[in-house]
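**Q** Got a structure for you, questions after.
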Amino acid sequence: MNDLADAAPLPDKGIPARDRLIVALDLPGPAEARRFVEQLGDAVCFYKIGLELFMAGGYWELAEWLTARGKKVFADLKFFDVPETVRAAVRNVAGRGVHFTTVHGNDAIMRAAVEARGDVKVLAVTVLTSLDQGDLADLGFSCDVPALVLSRARRALEIGCDGVISSGLEAPRLREHLGGRFLVVTPGIRPVFNKPADDQKRTVDVEDAFRGGADYIVVGRPIRTAPDPRAAAEQVQERIARLFRPASL
């Protein structure tokens with residue numbers, strides 16, 4: 001385990017420690033998602049539901065099922081369309097008990113999402129954690145990954161987004177240049193107890209993510225594919241609790 005866990009506790013910023021773990025429900029359908037949530041029980045308080053489940057049908061029914069059980073919901077739909085379509089889509093997310101949703105686009109798209117957010121916090125995607133420098137070159141970007149992440153984050157915050165989705169590799173630079181008054185949600189977490197080979201390229205460990213400035217982490221496959229998913233989730237929760245323990249302990 002990372003030795004940083006034994007360093008001074010981090011400021012909690014009013015976020016309950018057990019809410020900081022967001023588990024990704026990247027599963028074929030709502031039935032499988034419900035079974036997995038029941039398997040994890042009270043080990044997890046916050047869930048991300050994304051495009052796979054959206055396309056499977058029953059997405060909002062699943063979101064309602066989660067909120068009825070006291071779970072928090074992150075609707076990770078990465079809205080990217082003409083601004084008026086994004087505005088209408090985000091407006092339809094508001095009022096459903098969702099905590100976070102995501103937007104992935106230019107200034108006009110992000111502005112439309114912010115204007116329609118209602119009670120939902122809008123998080124701007126910077127650069128997907130499945131992309132590396134070679135992928136950016138393929139897409140026609142001439143800058144490096146850290147520069148692009150910082151540029152996109154700065155614009156998103158100026159427009160009024162509540163925070164960003166950022167790899168833990170770039171989060172420290174965001175905090176250095178942009179401060180602490182916004183949310184950083186970090187996907188691509190690969191705890192040392194389980195490092196599967198997959199499509200995530202810019203990954204960090206639990207402690208590194210939070211020490212680097214993340215407010216929340218998103219963990220999917222390392223928990224879902226563990227021999228005992230609930231025990232794996234509780235292990236991550238214990239590591240988070242040590243990072244945000246009261247200073248007197």
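By order in the structure tokens, chains are A, B, ...; within a chain, residues start at 1; ligands start at 1, following the order shown.
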Env of Phe100 in chain A: 9 Å cut, atoms = only C-alpha atoms, seq-sep filter 6 positions within chain, self excluded. Answer as a list in words.

**A**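 The contact residues come out as Lys48, Lys72, Val73, Phe74, Ala75, Asp76, Val120, Lys121, Val122 and Leu123 of chain A.
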
**Q** Counting only C-alpha atoms, what is within 8 Å of Leu51 in chain A, bar same-chain residues fewer than 3 positions away, as a CSV table (one decimal) with C-alpha atoms, in the first residue's frame?

**A**
chain,number,residue,atom,x,y,z
A,54,PHE,CA,-28.5,3.9,-20.7
A,55,MET,CA,-28.7,1.9,-24.0
A,76,ASP,CA,-22.2,9.8,-16.6
A,77,LEU,CA,-23.7,10.5,-20.0

**Q** So which residues of range 34-157 of chain A fall under strand (DSSP E) by DSSP, listed as JSON, numbers by chain?

**A** {"A": [46, 47, 48, 49, 72, 73, 74, 75, 76, 77, 78, 79, 100, 101, 102, 103, 121, 122, 123, 124, 125]}

**Q** How would the residues just chosen look if you wrote them out with N, CA and C atoms as a PDB file, in the first residue's frame?

**A**
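Once written, part31.pdb looks like this:
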ATOM      1  N   PHE A  46     -22.265   5.491  -3.377  1.00  0.00           N
ATOM      2  CA  PHE A  46     -22.329   6.345  -4.557  1.00  0.00           C
ATOM      3  C   PHE A  46     -22.041   5.487  -5.788  1.00  0.00           C
ATOM      4  N   TYR A  47     -22.896   5.619  -6.823  1.00  0.00           N
ATOM      5  CA  TYR A  47     -22.745   4.814  -8.033  1.00  0.00           C
ATOM      6  C   TYR A  47     -22.763   5.683  -9.279  1.00  0.00           C
ATOM      7  N   LYS A  48     -21.942   5.282 -10.241  1.00  0.00           N
ATOM      8  CA  LYS A  48     -21.932   5.910 -11.561  1.00  0.00           C
ATOM      9  C   LYS A  48     -22.651   4.987 -12.543  1.00  0.00           C
ATOM     10  N   ILE A  49     -23.626   5.548 -13.262  1.00  0.00           N
ATOM     11  CA  ILE A  49     -24.295   4.775 -14.313  1.00  0.00           C
ATOM     12  C   ILE A  49     -24.086   5.513 -15.633  1.00  0.00           C
ATOM     13  N   LYS A  72     -26.339   7.610  -3.773  1.00  0.00           N
ATOM     14  CA  LYS A  72     -26.152   8.770  -4.636  1.00  0.00           C
ATOM     15  C   LYS A  72     -25.856   8.297  -6.057  1.00  0.00           C
ATOM     16  N   VAL A  73     -26.254   9.117  -7.029  1.00  0.00           N
ATOM     17  CA  VAL A  73     -26.166   8.717  -8.435  1.00  0.00           C
ATOM     18  C   VAL A  73     -25.373   9.732  -9.232  1.00  0.00           C
ATOM     19  N   PHE A  74     -24.454   9.219 -10.026  1.00  0.00           N
ATOM     20  CA  PHE A  74     -23.667  10.000 -10.973  1.00  0.00           C
ATOM     21  C   PHE A  74     -24.099   9.536 -12.367  1.00  0.00           C
ATOM     22  N   ALA A  75     -24.859  10.383 -13.078  1.00  0.00           N
ATOM     23  CA  ALA A  75     -25.327  10.057 -14.432  1.00  0.00           C
ATOM     24  C   ALA A  75     -24.239  10.467 -15.420  1.00  0.00           C
ATOM     25  N   ASP A  76     -23.389   9.513 -15.750  1.00  0.00           N
ATOM     26  CA  ASP A  76     -22.218   9.807 -16.593  1.00  0.00           C
ATOM     27  C   ASP A  76     -22.596   9.592 -18.060  1.00  0.00           C
ATOM     28  N   LEU A  77     -23.177  10.621 -18.664  1.00  0.00           N
ATOM     29  CA  LEU A  77     -23.672  10.517 -20.037  1.00  0.00           C
ATOM     30  C   LEU A  77     -22.863  11.343 -21.027  1.00  0.00           C
ATOM     31  N   LYS A  78     -21.908  12.104 -20.547  1.00  0.00           N
ATOM     32  CA  LYS A  78     -20.970  12.846 -21.401  1.00  0.00           C
ATOM     33  C   LYS A  78     -21.680  13.540 -22.569  1.00  0.00           C
ATOM     34  N   PHE A  79     -22.577  14.428 -22.233  1.00  0.00           N
ATOM     35  CA  PHE A  79     -23.370  15.113 -23.253  1.00  0.00           C
ATOM     36  C   PHE A  79     -22.473  15.854 -24.243  1.00  0.00           C
ATOM     37  N   PHE A 100     -24.396  14.155  -9.865  1.00  0.00           N
ATOM     38  CA  PHE A 100     -23.455  14.606 -10.895  1.00  0.00           C
ATOM     39  C   PHE A 100     -23.912  14.158 -12.270  1.00  0.00           C
ATOM     40  N   THR A 101     -23.586  14.967 -13.274  1.00  0.00           N
ATOM     41  CA  THR A 101     -23.665  14.520 -14.658  1.00  0.00           C
ATOM     42  C   THR A 101     -22.476  15.126 -15.393  1.00  0.00           C
ATOM     43  N   THR A 102     -22.213  14.630 -16.607  1.00  0.00           N
ATOM     44  CA  THR A 102     -21.014  15.044 -17.325  1.00  0.00           C
ATOM     45  C   THR A 102     -21.344  15.653 -18.680  1.00  0.00           C
ATOM     46  N   VAL A 103     -20.486  16.590 -19.078  1.00  0.00           N
ATOM     47  CA  VAL A 103     -20.586  17.217 -20.394  1.00  0.00           C
ATOM     48  C   VAL A 103     -19.206  17.145 -21.041  1.00  0.00           C
ATOM     49  N   LYS A 121     -24.985  18.829 -10.293  1.00  0.00           N
ATOM     50  CA  LYS A 121     -23.655  19.389 -10.500  1.00  0.00           C
ATOM     51  C   LYS A 121     -23.113  18.897 -11.846  1.00  0.00           C
ATOM     52  N   VAL A 122     -22.654  19.840 -12.665  1.00  0.00           N
ATOM     53  CA  VAL A 122     -22.127  19.522 -13.994  1.00  0.00           C
ATOM     54  C   VAL A 122     -20.612  19.420 -13.927  1.00  0.00           C
ATOM     55  N   LEU A 123     -20.104  18.276 -14.371  1.00  0.00           N
ATOM     56  CA  LEU A 123     -18.674  18.026 -14.414  1.00  0.00           C
ATOM     57  C   LEU A 123     -18.230  17.964 -15.866  1.00  0.00           C
ATOM     58  N   ALA A 124     -17.189  18.709 -16.191  1.00  0.00           N
ATOM     59  CA  ALA A 124     -16.678  18.726 -17.557  1.00  0.00           C
ATOM     60  C   ALA A 124     -15.598  17.667 -17.720  1.00  0.00           C
ATOM     61  N   VAL A 125     -15.703  16.902 -18.774  1.00  0.00           N
ATOM     62  CA  VAL A 125     -14.656  15.936 -19.099  1.00  0.00           C
ATOM     63  C   VAL A 125     -13.476  16.707 -19.678  1.00  0.00           C
TER      64      VAL A 125
END

**Q** By how many Å are CA of Leu66 in chain A and CA of Arg18 in chain A apart?

**A**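 Distance between the two atoms: 16.1 Å.
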
**Q** Quick one: residues within 12 Å of Gly179 in chain A, only C-alpha atoms, excluding same-chain residues fewer than 4 positions away - as a list of chain:residue names?

**A** A:Leu150, A:Ala153, A:Arg154, A:Leu157, A:Gly163, A:Ala171, A:Pro172, A:Arg173, A:Leu174, A:Arg175, A:Leu183, A:Val184, A:Gly213

**Q** Store the residues picked out above, limited to C-alpha atoms, as a PDB file, in the first residue's frame.

**A**
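Once written, result12.pdb looks like this:
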ATOM      1  CA  LEU A 150      -5.465  22.373 -17.882  1.00  0.00           C
ATOM      2  CA  ALA A 153     -10.495  22.678 -17.043  1.00  0.00           C
ATOM      3  CA  ARG A 154      -9.836  26.423 -16.933  1.00  0.00           C
ATOM      4  CA  LEU A 157     -14.634  26.569 -14.562  1.00  0.00           C
ATOM      5  CA  GLY A 163     -15.901  20.574 -11.469  1.00  0.00           C
ATOM      6  CA  ALA A 171      -5.110  16.661 -10.930  1.00  0.00           C
ATOM      7  CA  PRO A 172      -2.094  18.101  -9.036  1.00  0.00           C
ATOM      8  CA  ARG A 173      -1.451  20.593 -11.830  1.00  0.00           C
ATOM      9  CA  LEU A 174      -5.122  21.599 -11.858  1.00  0.00           C
ATOM     10  CA  ARG A 175      -4.993  22.307  -8.130  1.00  0.00           C
ATOM     11  CA  LEU A 183     -14.659  19.336  -7.678  1.00  0.00           C
ATOM     12  CA  VAL A 184     -12.196  16.883  -9.167  1.00  0.00           C
ATOM     13  CA  GLY A 213      -6.221  16.726  -5.364  1.00  0.00           C
TER      14      GLY A 213
END

**Q** Please report the interatomic distance between CA of Gly50 in chain A and CA of Arg181 in chain A in Å with one decimal.

**A**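 Answer for the CA of Gly50 in chain A to CA of Arg181 in chain A separation: 26.1 Å.
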
**Q** Measuring between only C-alpha atoms, which one of A:Phe182, A:Phe244, A:Trp65, A:Tyr59 shows the shortest distance to Gly29 in chain A?

**A**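 Between A:Phe182, A:Phe244, A:Trp65, A:Tyr59, the residue approaching Gly29 in chain A most closely is A:Tyr59.
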
**Q** Quick one: residues within 10 Å of Ala43 in chain A, only C-alpha atoms, excluding same-chain residues fewer than 3 positions away - as an NGL selection string?

**A** :A and (18 or 21 or 37-40 or 46 or 229-237)

**Q** For the selection you just gave me, I'd like the residues written to a file as an mmCIF file, in the first residue's frame, keeping N, CA, C and O atoms.

**A**
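Result saved to result_36.cif:
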data_model
loop_
_atom_site.group_PDB
_atom_site.id
_atom_site.type_symbol
_atom_site.label_atom_id
_atom_site.label_comp_id
_atom_site.auth_asym_id
_atom_site.auth_seq_id
_atom_site.Cartn_x
_atom_site.Cartn_y
_atom_site.Cartn_z
ATOM 1 N N ARG A 18 -17.057 8.174 3.118
ATOM 2 C CA ARG A 18 -17.578 7.010 2.411
ATOM 3 C C ARG A 18 -18.295 7.389 1.112
ATOM 4 O O ARG A 18 -18.558 6.524 0.280
ATOM 5 N N LEU A 21 -15.884 7.295 -2.603
ATOM 6 C CA LEU A 21 -15.763 6.169 -3.527
ATOM 7 C C LEU A 21 -17.026 6.082 -4.374
ATOM 8 O O LEU A 21 -18.119 5.877 -3.852
ATOM 9 N N VAL A 37 -25.322 -4.087 -6.814
ATOM 10 C CA VAL A 37 -25.531 -3.125 -5.721
ATOM 11 C C VAL A 37 -25.929 -3.857 -4.447
ATOM 12 O O VAL A 37 -25.425 -3.550 -3.348
ATOM 13 N N GLU A 38 -26.824 -4.831 -4.562
ATOM 14 C CA GLU A 38 -27.238 -5.602 -3.382
ATOM 15 C C GLU A 38 -26.075 -6.401 -2.810
ATOM 16 O O GLU A 38 -25.948 -6.556 -1.591
ATOM 17 N N GLN A 39 -25.209 -6.900 -3.689
ATOM 18 C CA GLN A 39 -24.033 -7.632 -3.232
ATOM 19 C C GLN A 39 -23.096 -6.722 -2.441
ATOM 20 O O GLN A 39 -22.539 -7.132 -1.416
ATOM 21 N N LEU A 40 -22.921 -5.481 -2.903
ATOM 22 C CA LEU A 40 -22.024 -4.551 -2.221
ATOM 23 C C LEU A 40 -22.628 -4.006 -0.931
ATOM 24 O O LEU A 40 -21.904 -3.609 -0.019
ATOM 25 N N PHE A 46 -22.265 5.491 -3.377
ATOM 26 C CA PHE A 46 -22.329 6.345 -4.557
ATOM 27 C C PHE A 46 -22.041 5.487 -5.788
ATOM 28 O O PHE A 46 -21.071 4.721 -5.810
ATOM 29 N N PRO A 229 -16.186 -8.796 -4.278
ATOM 30 C CA PRO A 229 -16.343 -7.365 -4.556
ATOM 31 C C PRO A 229 -16.638 -6.516 -3.322
ATOM 32 O O PRO A 229 -16.113 -5.399 -3.201
ATOM 33 N N ARG A 230 -17.452 -7.039 -2.428
ATOM 34 C CA ARG A 230 -17.766 -6.239 -1.235
ATOM 35 C C ARG A 230 -16.512 -6.022 -0.384
ATOM 36 O O ARG A 230 -16.265 -4.910 0.103
ATOM 37 N N ALA A 231 -15.715 -7.068 -0.228
ATOM 38 C CA ALA A 231 -14.482 -6.920 0.548
ATOM 39 C C ALA A 231 -13.522 -5.954 -0.143
ATOM 40 O O ALA A 231 -12.849 -5.151 0.521
ATOM 41 N N ALA A 232 -13.465 -5.999 -1.470
ATOM 42 C CA ALA A 232 -12.605 -5.080 -2.208
ATOM 43 C C ALA A 232 -13.069 -3.642 -2.015
ATOM 44 O O ALA A 232 -12.246 -2.724 -1.831
ATOM 45 N N ALA A 233 -14.388 -3.410 -2.058
ATOM 46 C CA ALA A 233 -14.920 -2.066 -1.836
ATOM 47 C C ALA A 233 -14.613 -1.581 -0.424
ATOM 48 O O ALA A 233 -14.217 -0.422 -0.221
ATOM 49 N N GLU A 234 -14.772 -2.457 0.550
ATOM 50 C CA GLU A 234 -14.489 -2.068 1.930
ATOM 51 C C GLU A 234 -13.000 -1.760 2.114
ATOM 52 O O GLU A 234 -12.638 -0.860 2.879
ATOM 53 N N GLN A 235 -12.145 -2.482 1.390
ATOM 54 C CA GLN A 235 -10.716 -2.188 1.499
ATOM 55 C C GLN A 235 -10.410 -0.791 0.979
ATOM 56 O O GLN A 235 -9.625 -0.052 1.581
ATOM 57 N N VAL A 236 -11.045 -0.409 -0.141
ATOM 58 C CA VAL A 236 -10.855 0.942 -0.659
ATOM 59 C C VAL A 236 -11.402 1.962 0.343
ATOM 60 O O VAL A 236 -10.775 3.000 0.604
ATOM 61 N N GLN A 237 -12.566 1.678 0.920
ATOM 62 C CA GLN A 237 -13.145 2.601 1.908
ATOM 63 C C GLN A 237 -12.223 2.780 3.108
ATOM 64 O O GLN A 237 -12.089 3.895 3.638
#
